[in-house]
>>> print(open('target-v9.cif').read())   # mmCIF, C-alpha atoms
data_input
loop_
_atom_site.label_atom_id
_atom_site.label_comp_id
_atom_site.auth_asym_id
_atom_site.auth_seq_id
_atom_site.Cartn_x
_atom_site.Cartn_y
_atom_site.Cartn_z
CA MET A 1 8.89 2.77 -24.29
CA LEU A 2 8.61 5.94 -22.20
CA VAL A 3 5.53 5.90 -19.95
CA LEU A 4 4.05 8.68 -17.84
CA GLY A 5 2.37 7.29 -14.71
CA LEU A 6 -0.34 9.13 -12.75
CA GLU A 7 -1.59 8.05 -9.30
CA THR A 8 -4.66 9.71 -7.71
CA SER A 9 -6.51 6.90 -5.94
CA CYS A 10 -6.80 8.59 -2.55
CA ASP A 11 -4.84 11.34 -0.79
CA GLU A 12 -1.51 11.41 -2.62
CA THR A 13 -0.81 12.80 -6.08
CA GLY A 14 1.96 10.79 -7.73
CA VAL A 15 3.63 11.29 -11.11
CA ALA A 16 6.54 9.37 -12.62
CA LEU A 17 8.36 8.68 -15.87
CA TYR A 18 9.44 5.09 -16.53
CA ASP A 19 11.51 3.94 -19.48
CA SER A 20 11.31 0.25 -20.41
CA GLU A 21 15.05 0.20 -21.14
CA GLN A 22 16.52 2.74 -18.68
CA GLY A 23 14.14 2.19 -15.76
CA LEU A 24 12.69 4.92 -13.56
CA LEU A 25 13.80 8.35 -14.77
CA ALA A 26 11.99 10.64 -12.32
CA ASP A 27 9.11 10.67 -9.85
CA ALA A 28 7.33 13.24 -7.71
CA LEU A 29 4.73 12.98 -4.99
CA PHE A 30 2.52 15.41 -3.09
CA SER A 31 0.92 14.10 0.10
CA GLN A 32 -2.33 15.60 1.38
CA ILE A 33 -1.73 14.52 5.00
CA ASP A 34 -1.72 18.09 6.33
CA LEU A 35 -4.93 18.86 4.43
CA HIS A 36 -6.87 15.93 5.93
CA ARG A 37 -5.25 15.73 9.38
CA VAL A 38 -7.55 18.38 10.84
CA TYR A 39 -10.53 16.13 10.00
CA GLY A 40 -8.93 12.94 11.32
CA GLY A 41 -9.20 11.19 7.95
CA VAL A 42 -9.54 11.65 4.21
CA VAL A 43 -12.30 13.98 2.96
CA PRO A 44 -13.01 12.74 -0.60
CA GLU A 45 -14.10 16.09 -2.08
CA LEU A 46 -11.02 17.88 -0.73
CA ALA A 47 -8.81 15.07 -2.04
CA SER A 48 -10.24 15.39 -5.55
CA ARG A 49 -9.85 19.16 -5.63
CA ASP A 50 -6.25 18.96 -4.47
CA HIS A 51 -5.40 16.38 -7.15
CA VAL A 52 -6.66 18.87 -9.76
CA LYS A 53 -4.44 21.55 -8.23
CA ARG A 54 -1.27 19.43 -8.08
CA MET A 55 -1.38 17.28 -11.21
CA LEU A 56 -0.03 19.54 -13.97
CA PRO A 57 2.73 21.15 -11.86
CA LEU A 58 3.96 17.68 -10.87
CA ILE A 59 3.93 16.51 -14.50
CA ARG A 60 6.02 19.53 -15.49
CA GLN A 61 8.40 18.87 -12.57
CA VAL A 62 8.92 15.23 -13.55
CA LEU A 63 9.52 16.06 -17.21
CA GLU A 64 12.08 18.68 -16.23
CA GLU A 65 13.89 16.37 -13.79
CA ALA A 66 14.02 13.59 -16.37
CA GLY A 67 15.20 15.92 -19.12
CA ARG A 68 12.36 14.83 -21.39
CA GLU A 69 9.71 16.65 -23.39
CA ALA A 70 6.04 15.82 -23.77
CA GLY A 71 6.55 14.81 -27.40
CA GLN A 72 8.86 11.98 -26.31
CA ILE A 73 6.24 10.22 -24.18
CA ASP A 74 4.96 6.99 -25.75
CA ALA A 75 2.01 6.26 -23.44
CA VAL A 76 0.19 7.34 -20.30
CA ALA A 77 -0.71 4.99 -17.42
CA TYR A 78 -3.13 5.98 -14.66
CA THR A 79 -4.78 4.42 -11.63
CA ALA A 80 -8.26 3.30 -12.68
CA GLY A 81 -9.20 1.72 -9.33
CA PRO A 82 -9.84 0.74 -6.67
CA GLY A 83 -10.04 4.00 -4.77
CA LEU A 84 -12.14 7.13 -4.24
CA VAL A 85 -14.18 7.69 -7.41
CA GLY A 86 -13.73 11.46 -7.51
CA ALA A 87 -9.98 11.20 -6.98
CA LEU A 88 -9.67 8.44 -9.59
CA LEU A 89 -11.58 10.52 -12.13
CA VAL A 90 -9.05 13.35 -11.83
CA GLY A 91 -6.18 11.09 -12.85
CA ALA A 92 -8.18 9.21 -15.48
CA SER A 93 -9.49 12.34 -17.20
CA CYS A 94 -6.06 13.97 -17.16
CA ALA A 95 -4.43 10.84 -18.57
CA GLN A 96 -6.99 10.42 -21.33
CA ALA A 97 -6.79 14.11 -22.25
CA LEU A 98 -2.99 14.01 -22.49
CA ALA A 99 -3.07 10.76 -24.47
CA LEU A 100 -5.53 12.28 -26.93
CA ALA A 101 -3.51 15.48 -27.26
CA TRP A 102 -0.22 13.61 -27.75
CA GLY A 103 -1.67 10.89 -29.95
CA VAL A 104 -0.48 8.05 -27.69
CA PRO A 105 -2.28 5.16 -25.94
CA ALA A 106 -3.49 5.23 -22.35
CA VAL A 107 -3.94 2.32 -19.96
CA GLY A 108 -5.74 2.08 -16.64
CA VAL A 109 -3.80 0.30 -13.91
CA HIS A 110 -5.12 -1.64 -10.94
CA HIS A 111 -3.92 0.16 -7.81
CA MET A 112 -3.11 -3.04 -5.90
CA GLU A 113 -1.27 -4.52 -8.88
CA GLY A 114 0.83 -1.37 -8.82
CA HIS A 115 1.70 -1.98 -5.17
CA LEU A 116 2.37 -5.66 -5.82
CA LEU A 117 4.85 -4.83 -8.59
CA ALA A 118 6.55 -1.92 -6.79
CA PRO A 119 9.45 -4.15 -5.58
CA MET A 120 10.26 -4.73 -9.27
CA LEU A 121 11.68 -1.19 -9.25
CA GLU A 122 14.49 -2.27 -6.91
CA ALA A 123 18.00 -3.41 -7.92
CA GLN A 124 17.24 -7.02 -6.93
CA PRO A 125 13.60 -7.67 -7.87
CA PRO A 126 11.77 -10.89 -6.96
CA GLN A 127 11.37 -13.67 -9.50
CA PHE A 128 8.05 -15.37 -10.23
CA PRO A 129 6.45 -17.29 -8.62
CA PHE A 130 6.12 -15.82 -5.12
CA VAL A 131 3.61 -15.18 -2.35
CA ALA A 132 2.61 -11.54 -1.90
CA LEU A 133 1.30 -9.92 1.27
CA LEU A 134 -0.57 -6.77 0.24
CA VAL A 135 -1.18 -4.44 3.17
CA SER A 136 -2.41 -1.10 1.86
CA GLY A 137 -5.21 1.04 3.25
CA GLY A 138 -8.40 -1.00 3.13
CA HIS A 139 -6.69 -4.11 1.75
CA THR A 140 -4.95 -7.00 3.48
CA GLN A 141 -4.49 -9.90 1.10
CA LEU A 142 -2.30 -12.93 0.55
CA VAL A 143 -1.84 -13.73 -3.13
CA ARG A 144 0.06 -16.38 -5.03
CA VAL A 145 1.73 -14.62 -7.97
CA ASP A 146 2.84 -16.72 -10.95
CA GLY A 147 3.26 -13.75 -13.29
CA ILE A 148 1.72 -10.39 -14.10
CA GLY A 149 -2.02 -10.95 -14.14
CA ARG A 150 -1.66 -14.52 -12.92
CA TYR A 151 -2.95 -14.15 -9.38
CA GLU A 152 -4.55 -16.60 -6.97
CA LEU A 153 -6.16 -15.07 -3.90
CA LEU A 154 -5.18 -17.14 -0.85
CA GLY A 155 -6.73 -15.04 1.90
CA GLU A 156 -8.00 -11.54 2.69
CA SER A 157 -9.45 -9.39 5.45
CA VAL A 158 -13.07 -10.15 6.32
CA ASP A 159 -13.56 -6.81 8.09
CA ASP A 160 -10.98 -4.14 8.98
CA ALA A 161 -7.71 -4.43 7.08
CA ALA A 162 -4.41 -3.97 8.92
CA GLY A 163 -3.93 -0.42 7.69
CA GLU A 164 -7.47 0.54 8.68
CA ALA A 165 -6.93 -0.99 12.12
CA PHE A 166 -3.78 1.09 12.62
CA ASP A 167 -5.54 4.32 11.65
CA LYS A 168 -8.75 3.65 13.59
CA THR A 169 -6.91 2.50 16.71
CA ALA A 170 -4.74 5.61 16.65
CA LYS A 171 -7.81 7.83 16.31
CA LEU A 172 -9.54 6.08 19.22
CA MET A 173 -6.46 6.79 21.35
CA GLY A 174 -6.40 10.45 20.35
CA LEU A 175 -3.37 10.18 18.07
CA ARG A 176 -2.82 12.15 14.88
CA TYR A 177 -3.78 11.00 11.39
CA PRO A 178 -2.39 8.93 9.72
CA GLY A 179 -2.31 6.45 12.56
CA GLY A 180 0.17 3.85 11.31
CA PRO A 181 3.32 5.96 11.71
CA GLU A 182 2.05 7.31 15.05
CA ILE A 183 1.48 3.81 16.47
CA ALA A 184 4.91 2.68 15.22
CA ARG A 185 6.58 5.75 16.75
CA LEU A 186 5.02 5.17 20.18
CA ALA A 187 5.70 1.43 20.03
CA GLU A 188 9.43 2.11 19.93
CA GLN A 189 9.19 3.35 23.55
CA GLY A 190 6.76 0.66 24.73
CA THR A 191 7.39 -1.79 27.55
CA PRO A 192 7.34 -5.37 26.23
CA GLY A 193 4.93 -7.68 28.03
CA ARG A 194 2.94 -5.10 29.98
CA PHE A 195 -0.06 -5.74 27.71
CA VAL A 196 -0.64 -8.84 25.59
CA PHE A 197 -3.31 -8.61 22.89
CA PRO A 198 -4.96 -11.48 20.96
CA ARG A 199 -3.72 -12.68 17.57
CA PRO A 200 -7.03 -12.80 15.66
CA MET A 201 -7.98 -15.85 13.57
CA THR A 202 -4.66 -17.60 14.18
CA ASP A 203 -6.28 -20.33 16.29
CA ARG A 204 -8.13 -21.72 13.28
CA PRO A 205 -7.05 -22.93 9.82
CA GLY A 206 -7.14 -20.66 6.82
CA LEU A 207 -5.47 -17.53 5.52
CA ASP A 208 -8.14 -14.88 6.05
CA PHE A 209 -7.62 -11.90 8.37
CA SER A 210 -9.78 -9.99 10.83
CA PHE A 211 -8.57 -6.93 12.75
CA SER A 212 -11.86 -5.35 13.87
CA GLY A 213 -11.89 -7.27 17.17
CA LEU A 214 -8.28 -6.34 17.87
CA LYS A 215 -9.18 -2.68 17.38
CA THR A 216 -12.01 -3.04 19.92
CA PHE A 217 -9.75 -4.90 22.38
CA THR A 218 -7.24 -2.06 22.17
CA LEU A 219 -9.95 0.55 22.75
CA ASN A 220 -11.26 -1.32 25.80
CA THR A 221 -7.73 -1.56 27.23
CA TRP A 222 -7.18 2.18 26.73
CA GLN A 223 -10.54 3.03 28.32
CA GLN A 224 -9.80 0.80 31.32
CA CYS A 225 -6.49 2.60 31.83
CA ARG A 226 -8.20 5.97 31.61
CA SER A 227 -10.87 4.89 34.10
CA ALA A 228 -8.07 3.95 36.49
CA GLY A 229 -6.59 7.42 36.07
CA ASP A 230 -3.67 6.27 33.92
CA GLU A 231 -3.47 8.33 30.73
CA SER A 232 0.31 8.64 30.77
CA GLU A 233 2.42 8.77 27.63
CA GLN A 234 4.14 5.55 28.72
CA THR A 235 0.80 3.75 28.83
CA ARG A 236 0.04 4.96 25.31
CA CYS A 237 3.41 3.59 24.23
CA ASP A 238 2.83 0.25 25.94
CA ILE A 239 -0.61 -0.16 24.33
CA ALA A 240 0.78 0.86 20.93
CA LEU A 241 3.51 -1.76 21.26
CA ALA A 242 1.05 -4.50 22.24
CA PHE A 243 -1.22 -3.61 19.31
CA GLN A 244 1.63 -3.50 16.80
CA GLN A 245 3.04 -6.80 18.07
CA ALA A 246 -0.38 -8.44 17.66
CA VAL A 247 -0.76 -7.21 14.07
CA VAL A 248 2.80 -8.12 13.10
CA GLU A 249 2.64 -11.60 14.61
CA THR A 250 -0.76 -12.27 13.02
CA LEU A 251 0.53 -11.27 9.59
CA THR A 252 3.68 -13.35 10.10
CA ILE A 253 1.74 -16.46 11.12
CA LYS A 254 -0.50 -16.19 8.06
CA CYS A 255 2.46 -15.64 5.74
CA ARG A 256 4.18 -18.71 7.17
CA ARG A 257 1.05 -20.75 6.45
CA ALA A 258 0.82 -19.39 2.90
CA LEU A 259 4.43 -20.31 2.16
CA ARG A 260 3.94 -23.82 3.51
CA GLN A 261 0.69 -24.22 1.58
CA THR A 262 2.23 -23.13 -1.73
CA GLY A 263 5.70 -24.60 -1.21
CA LEU A 264 7.25 -21.27 -2.26
CA LYS A 265 10.21 -19.58 -0.57
CA SER A 266 9.88 -16.00 -1.81
CA LEU A 267 7.64 -13.45 -0.14
CA VAL A 268 6.82 -9.94 -1.35
CA ILE A 269 5.29 -7.41 1.04
CA ALA A 270 3.80 -4.30 -0.52
CA GLY A 271 1.59 -1.37 0.43
CA GLY A 272 1.81 1.31 3.08
CA VAL A 273 2.05 -1.03 6.08
CA SER A 274 5.03 -2.78 4.43
CA ALA A 275 7.12 0.23 5.50
CA ASN A 276 6.68 -0.83 9.14
CA GLN A 277 10.15 -1.88 10.34
CA SER A 278 8.86 -4.35 12.94
CA LEU A 279 6.88 -6.17 10.25
CA ARG A 280 9.87 -6.31 7.92
CA GLN A 281 12.12 -7.68 10.64
CA ALA A 282 9.59 -10.32 11.70
CA LEU A 283 9.06 -11.52 8.14
CA GLU A 284 12.80 -11.61 7.47
CA ARG A 285 13.29 -13.80 10.54
CA MET A 286 10.45 -16.06 9.45
CA LEU A 287 11.84 -16.39 5.90
CA GLY A 288 15.11 -17.50 7.47
CA GLU A 289 13.27 -20.63 8.62
CA PHE A 290 12.44 -21.40 4.98
CA LYS A 291 15.90 -20.42 3.74
CA GLY A 292 13.96 -18.02 1.56
CA GLN A 293 13.90 -14.30 0.94
CA VAL A 294 11.54 -11.40 1.53
CA PHE A 295 11.29 -8.53 -0.96
CA TYR A 296 9.88 -5.04 -0.51
CA ALA A 297 10.10 -1.61 -2.09
CA ARG A 298 12.09 1.29 -0.65
CA PRO A 299 9.96 3.26 1.85
CA ARG A 300 8.86 6.01 -0.54
CA PHE A 301 7.45 3.40 -2.93
CA CYS A 302 5.51 1.59 -0.20
CA THR A 303 2.85 4.29 0.00
CA ASP A 304 0.90 5.39 -3.08
CA ASN A 305 3.17 6.70 -5.83
CA GLY A 306 3.35 7.29 -9.57
CA ALA A 307 6.38 5.05 -10.12
CA MET A 308 4.50 1.83 -9.43
CA ILE A 309 1.71 2.89 -11.80
CA ALA A 310 4.17 3.81 -14.55
CA TYR A 311 5.94 0.45 -14.19
CA ALA A 312 2.79 -1.67 -14.07
CA GLY A 313 1.29 0.26 -16.98
CA CYS A 314 4.46 -0.14 -19.02
CA GLN A 315 4.36 -3.94 -18.65
CA ARG A 316 0.79 -4.09 -19.89
CA LEU A 317 1.44 -1.65 -22.71
CA LEU A 318 4.42 -3.73 -23.86
CA ALA A 319 2.04 -6.70 -23.96
CA GLY A 320 -0.24 -4.78 -26.31
CA GLN A 321 -2.89 -3.77 -23.79
CA HIS A 322 -4.42 -0.29 -23.72
CA ASP A 323 -7.76 1.41 -23.15
CA GLY A 324 -10.16 3.20 -25.44
CA PRO A 325 -10.91 6.92 -25.06
CA ALA A 326 -13.70 6.41 -22.49
CA ILE A 327 -12.98 7.66 -18.99
CA THR A 328 -13.77 4.70 -16.74
CA VAL A 329 -12.82 4.09 -13.11
CA GLN A 330 -13.84 1.52 -10.49
CA SER A 331 -14.09 2.13 -6.76
CA ARG A 332 -14.01 -1.65 -6.23
CA TRP A 333 -12.06 -3.93 -8.52
CA SER A 334 -10.87 -7.48 -7.92
CA MET A 335 -7.39 -8.39 -9.21
CA ASP A 336 -8.83 -11.76 -10.24
CA THR A 337 -10.40 -10.06 -13.25
CA LEU A 338 -7.11 -8.76 -14.66
CA PRO A 339 -5.84 -10.41 -17.88
CA ALA A 340 -2.57 -12.29 -17.72
CA ILE A 341 0.51 -11.19 -19.64
#
>>> encode(input="target-v9.cif", output="structure tokens")
Amino acid sequence: MLVLGLETSCDETGVALYDSEQGLLADALFSQIDLHRVYGGVVPELASRDHVKRMLPLIRQVLEEAGREAGQIDAVAYTAGPGLVGALLVGASCAQALALAWGVPAVGVHHMEGHLLAPMLEAQPPQFPFVALLVSGGHTQLVRVDGIGRYELLGESVDDAAGEAFDKTAKLMGLRYPGGPEIARLAEQGTPGRFVFPRPMTDRPGLDFSFSGLKTFTLNTWQQCRSAGDESEQTRCDIALAFQQAVVETLTIKCRRALRQTGLKSLVIAGGVSANQSLRQALERMLGEFKGQVFYARPRFCTDNGAMIAYAGCQRLLAGQHDGPAITVQSRWSMDTLPAI
């Protein structure tokens, strides 16, 4: 089965072709970072308009790179949520229109399920069951995964997610959008131990997360340094390192608890923050304690992309699932509601 995947949940337009027998044939991505950077964050209306502008040229590019024609496509998969409604509607309406024109089925894909399954695109994919740490944008979740659609939520963020905390903290410190890569870049030059930040919600049982207080602690530290006349680049680096270390250690502690609670030895990390090298290294060290293994996607498949949507959609299409012609998207959508395969 040859599936065209379309991703338009936020500020990246992703298109990919996935073949159920040959694997990923081609993928293309256009990031809107430069468009939104001047505003310090995503402007939904601008995001939607840019998706409209980029979608068809990217589809043509992917078809050409894969050496396929439109008539060979067997189905279209698209991100149906969660995400920005206007952006989601661009992908959904395009997918449904193409499916109708080509006489093929269309299926809406859960954005976070796409991230969760992205490591399946690698040469050595994880085997079910495993624990998944999903750290993407406004989501930080720990999930037990027994199969596609067989998810048990173990813990989640009760306020700011890790990705949000990175972006908001960077903005408060006057860094460029998106904040995650900027914090990570500065942290590489930071002085270990100069600042030590709290590890939120690790002093109590449970697997939920909270990063809002850590964001405020970081802001207060930065303001205290500024009041003392210290706004040096080294101080920025030291604060960035302390913040990143706090987030990474908090995530690692919670993952260790989840593995002990479930008795599993395989961990998948997925989503934009999973590209953070410090987080990967910390989780790999921790999995060594369990004689287990951590799995993640290559960096370009950690952020939003069409390949993960094409793959996830293909699995559901092969199981006989597809949507009707109605164009339906959801800004909020729990993975608990997804049917099992």
>>> closest_residue(input="target-v9.cif", among="A:His110, A:Arg185, A:Arg199, A:Lys265", to="Gln330 of chain A", atoms="all atoms listed in the file")
A:His110
>>> closest_residue(input="target-v9.cif", among="A:Asp238, A:Asp74, A:Asp167, A:Asp34", to="Gly5 of chain A", atoms="all atoms listed in the file")
A:Asp74
>>> closest_residue(input="target-v9.cif", among="A:Leu35, A:Leu219, A:Asp336, A:Leu17", to="Gly174 of chain A", atoms="all atoms listed in the file")
A:Leu219
>>> residues_around(input="target-v9.cif", residues="Ile239 of chain A", least_positions_apart="6", cutoff="8 Å", atoms="only C-alpha atoms", output="JSON, numbers by chain")
{"A": [187, 190, 195, 218, 221, 222]}
>>> resolve_selection(input="target-v9.cif", expression="the PyMOL selection byres ((chain A and resi 13) around 12)", output="PDB file with C-alpha atoms, keeping the file's coordinate frame")
ATOM      1  CA  GLY A   5       2.370   7.290 -14.710  1.00  0.00           C
ATOM      2  CA  LEU A   6      -0.340   9.130 -12.750  1.00  0.00           C
ATOM      3  CA  GLU A   7      -1.590   8.050  -9.300  1.00  0.00           C
ATOM      4  CA  THR A   8      -4.660   9.710  -7.710  1.00  0.00           C
ATOM      5  CA  SER A   9      -6.510   6.900  -5.940  1.00  0.00           C
ATOM      6  CA  CYS A  10      -6.800   8.590  -2.550  1.00  0.00           C
ATOM      7  CA  ASP A  11      -4.840  11.340  -0.790  1.00  0.00           C
ATOM      8  CA  GLU A  12      -1.510  11.410  -2.620  1.00  0.00           C
ATOM      9  CA  GLY A  14       1.960  10.790  -7.730  1.00  0.00           C
ATOM     10  CA  VAL A  15       3.630  11.290 -11.110  1.00  0.00           C
ATOM     11  CA  ALA A  16       6.540   9.370 -12.620  1.00  0.00           C
ATOM     12  CA  ASP A  27       9.110  10.670  -9.850  1.00  0.00           C
ATOM     13  CA  ALA A  28       7.330  13.240  -7.710  1.00  0.00           C
ATOM     14  CA  LEU A  29       4.730  12.980  -4.990  1.00  0.00           C
ATOM     15  CA  PHE A  30       2.520  15.410  -3.090  1.00  0.00           C
ATOM     16  CA  SER A  31       0.920  14.100   0.100  1.00  0.00           C
ATOM     17  CA  GLN A  32      -2.330  15.600   1.380  1.00  0.00           C
ATOM     18  CA  ILE A  33      -1.730  14.520   5.000  1.00  0.00           C
ATOM     19  CA  ALA A  47      -8.810  15.070  -2.040  1.00  0.00           C
ATOM     20  CA  SER A  48     -10.240  15.390  -5.550  1.00  0.00           C
ATOM     21  CA  ARG A  49      -9.850  19.160  -5.630  1.00  0.00           C
ATOM     22  CA  ASP A  50      -6.250  18.960  -4.470  1.00  0.00           C
ATOM     23  CA  HIS A  51      -5.400  16.380  -7.150  1.00  0.00           C
ATOM     24  CA  VAL A  52      -6.660  18.870  -9.760  1.00  0.00           C
ATOM     25  CA  LYS A  53      -4.440  21.550  -8.230  1.00  0.00           C
ATOM     26  CA  ARG A  54      -1.270  19.430  -8.080  1.00  0.00           C
ATOM     27  CA  MET A  55      -1.380  17.280 -11.210  1.00  0.00           C
ATOM     28  CA  LEU A  56      -0.030  19.540 -13.970  1.00  0.00           C
ATOM     29  CA  PRO A  57       2.730  21.150 -11.860  1.00  0.00           C
ATOM     30  CA  LEU A  58       3.960  17.680 -10.870  1.00  0.00           C
ATOM     31  CA  ILE A  59       3.930  16.510 -14.500  1.00  0.00           C
ATOM     32  CA  TYR A  78      -3.130   5.980 -14.660  1.00  0.00           C
ATOM     33  CA  THR A  79      -4.780   4.420 -11.630  1.00  0.00           C
ATOM     34  CA  ALA A  87      -9.980  11.200  -6.980  1.00  0.00           C
ATOM     35  CA  LEU A  88      -9.670   8.440  -9.590  1.00  0.00           C
ATOM     36  CA  VAL A  90      -9.050  13.350 -11.830  1.00  0.00           C
ATOM     37  CA  GLY A  91      -6.180  11.090 -12.850  1.00  0.00           C
ATOM     38  CA  THR A 303       2.850   4.290   0.000  1.00  0.00           C
ATOM     39  CA  ASP A 304       0.900   5.390  -3.080  1.00  0.00           C
ATOM     40  CA  ASN A 305       3.170   6.700  -5.830  1.00  0.00           C
ATOM     41  CA  GLY A 306       3.350   7.290  -9.570  1.00  0.00           C
ATOM     42  CA  ALA A 307       6.380   5.050 -10.120  1.00  0.00           C
ATOM     43  CA  ILE A 309       1.710   2.890 -11.800  1.00  0.00           C
TER      44      ILE A 309
END
>>> build_atoms(input="target-v9.cif", residues="segment 145-168 of chain A", atoms="N, CA and C atoms", output="PDB file, in the frame of the given file")
ATOM      1  N   VAL A 145       1.458 -15.354  -6.733  1.00  0.00           N
ATOM      2  CA  VAL A 145       1.730 -14.620  -7.970  1.00  0.00           C
ATOM      3  C   VAL A 145       2.624 -15.468  -8.866  1.00  0.00           C
ATOM      4  N   ASP A 146       2.080 -15.920  -9.990  1.00  0.00           N
ATOM      5  CA  ASP A 146       2.840 -16.720 -10.950  1.00  0.00           C
ATOM      6  C   ASP A 146       3.299 -15.898 -12.142  1.00  0.00           C
ATOM      7  N   GLY A 147       2.872 -14.651 -12.212  1.00  0.00           N
ATOM      8  CA  GLY A 147       3.260 -13.750 -13.290  1.00  0.00           C
ATOM      9  C   GLY A 147       2.328 -12.553 -13.243  1.00  0.00           C
ATOM     10  N   ILE A 148       2.577 -11.576 -14.078  1.00  0.00           N
ATOM     11  CA  ILE A 148       1.720 -10.390 -14.100  1.00  0.00           C
ATOM     12  C   ILE A 148       0.340 -10.784 -14.621  1.00  0.00           C
ATOM     13  N   GLY A 149      -0.660 -10.568 -13.790  1.00  0.00           N
ATOM     14  CA  GLY A 149      -2.020 -10.950 -14.140  1.00  0.00           C
ATOM     15  C   GLY A 149      -2.370 -12.385 -13.798  1.00  0.00           C
ATOM     16  N   ARG A 150      -1.431 -13.117 -13.294  1.00  0.00           N
ATOM     17  CA  ARG A 150      -1.660 -14.520 -12.920  1.00  0.00           C
ATOM     18  C   ARG A 150      -1.664 -14.615 -11.395  1.00  0.00           C
ATOM     19  N   TYR A 151      -2.826 -14.286 -10.820  1.00  0.00           N
ATOM     20  CA  TYR A 151      -2.950 -14.150  -9.380  1.00  0.00           C
ATOM     21  C   TYR A 151      -3.973 -15.136  -8.824  1.00  0.00           C
ATOM     22  N   GLU A 152      -3.628 -15.737  -7.694  1.00  0.00           N
ATOM     23  CA  GLU A 152      -4.550 -16.600  -6.970  1.00  0.00           C
ATOM     24  C   GLU A 152      -4.700 -16.057  -5.557  1.00  0.00           C
ATOM     25  N   LEU A 153      -5.902 -15.611  -5.232  1.00  0.00           N
ATOM     26  CA  LEU A 153      -6.160 -15.070  -3.900  1.00  0.00           C
ATOM     27  C   LEU A 153      -6.169 -16.202  -2.885  1.00  0.00           C
ATOM     28  N   LEU A 154      -5.299 -16.108  -1.882  1.00  0.00           N
ATOM     29  CA  LEU A 154      -5.180 -17.140  -0.850  1.00  0.00           C
ATOM     30  C   LEU A 154      -5.963 -16.770   0.408  1.00  0.00           C
ATOM     31  N   GLY A 155      -6.022 -15.494   0.712  1.00  0.00           N
ATOM     32  CA  GLY A 155      -6.730 -15.040   1.900  1.00  0.00           C
ATOM     33  C   GLY A 155      -6.831 -13.523   1.900  1.00  0.00           C
ATOM     34  N   GLU A 156      -7.810 -12.987   2.627  1.00  0.00           N
ATOM     35  CA  GLU A 156      -8.000 -11.540   2.690  1.00  0.00           C
ATOM     36  C   GLU A 156      -8.714 -11.161   3.972  1.00  0.00           C
ATOM     37  N   SER A 157      -8.794  -9.874   4.248  1.00  0.00           N
ATOM     38  CA  SER A 157      -9.450  -9.390   5.450  1.00  0.00           C
ATOM     39  C   SER A 157     -10.965  -9.535   5.295  1.00  0.00           C
ATOM     40  N   VAL A 158     -11.622 -10.002   6.355  1.00  0.00           N
ATOM     41  CA  VAL A 158     -13.070 -10.150   6.320  1.00  0.00           C
ATOM     42  C   VAL A 158     -13.770  -8.937   6.929  1.00  0.00           C
ATOM     43  N   ASP A 159     -13.011  -8.056   7.563  1.00  0.00           N
ATOM     44  CA  ASP A 159     -13.560  -6.810   8.090  1.00  0.00           C
ATOM     45  C   ASP A 159     -12.490  -5.726   7.954  1.00  0.00           C
ATOM     46  N   ASP A 160     -12.023  -5.166   9.049  1.00  0.00           N
ATOM     47  CA  ASP A 160     -10.980  -4.140   8.980  1.00  0.00           C
ATOM     48  C   ASP A 160      -9.672  -4.734   8.463  1.00  0.00           C
ATOM     49  N   ALA A 161      -9.042  -4.050   7.521  1.00  0.00           N
ATOM     50  CA  ALA A 161      -7.710  -4.430   7.080  1.00  0.00           C
ATOM     51  C   ALA A 161      -6.693  -3.916   8.094  1.00  0.00           C
ATOM     52  N   ALA A 162      -5.447  -4.363   7.956  1.00  0.00           N
ATOM     53  CA  ALA A 162      -4.410  -3.970   8.920  1.00  0.00           C
ATOM     54  C   ALA A 162      -4.208  -2.463   8.931  1.00  0.00           C
ATOM     55  N   GLY A 163      -4.129  -1.857   7.758  1.00  0.00           N
ATOM     56  CA  GLY A 163      -3.930  -0.420   7.690  1.00  0.00           C
ATOM     57  C   GLY A 163      -5.067   0.358   8.317  1.00  0.00           C
ATOM     58  N   GLU A 164      -6.307  -0.100   8.062  1.00  0.00           N
ATOM     59  CA  GLU A 164      -7.470   0.540   8.680  1.00  0.00           C
ATOM     60  C   GLU A 164      -7.403   0.405  10.201  1.00  0.00           C
ATOM     61  N   ALA A 165      -7.014  -0.767  10.676  1.00  0.00           N
ATOM     62  CA  ALA A 165      -6.930  -0.990  12.120  1.00  0.00           C
ATOM     63  C   ALA A 165      -5.918  -0.053  12.759  1.00  0.00           C
ATOM     64  N   PHE A 166      -4.777   0.150  12.104  1.00  0.00           N
ATOM     65  CA  PHE A 166      -3.780   1.090  12.620  1.00  0.00           C
ATOM     66  C   PHE A 166      -4.380   2.487  12.735  1.00  0.00           C
ATOM     67  N   ASP A 167      -5.008   2.955  11.664  1.00  0.00           N
ATOM     68  CA  ASP A 167      -5.540   4.320  11.650  1.00  0.00           C
ATOM     69  C   ASP A 167      -6.681   4.500  12.646  1.00  0.00           C
ATOM     70  N   LYS A 168      -7.601   3.528  12.695  1.00  0.00           N
ATOM     71  CA  LYS A 168      -8.750   3.650  13.590  1.00  0.00           C
ATOM     72  C   LYS A 168      -8.325   3.548  15.052  1.00  0.00           C
TER      73      LYS A 168
END
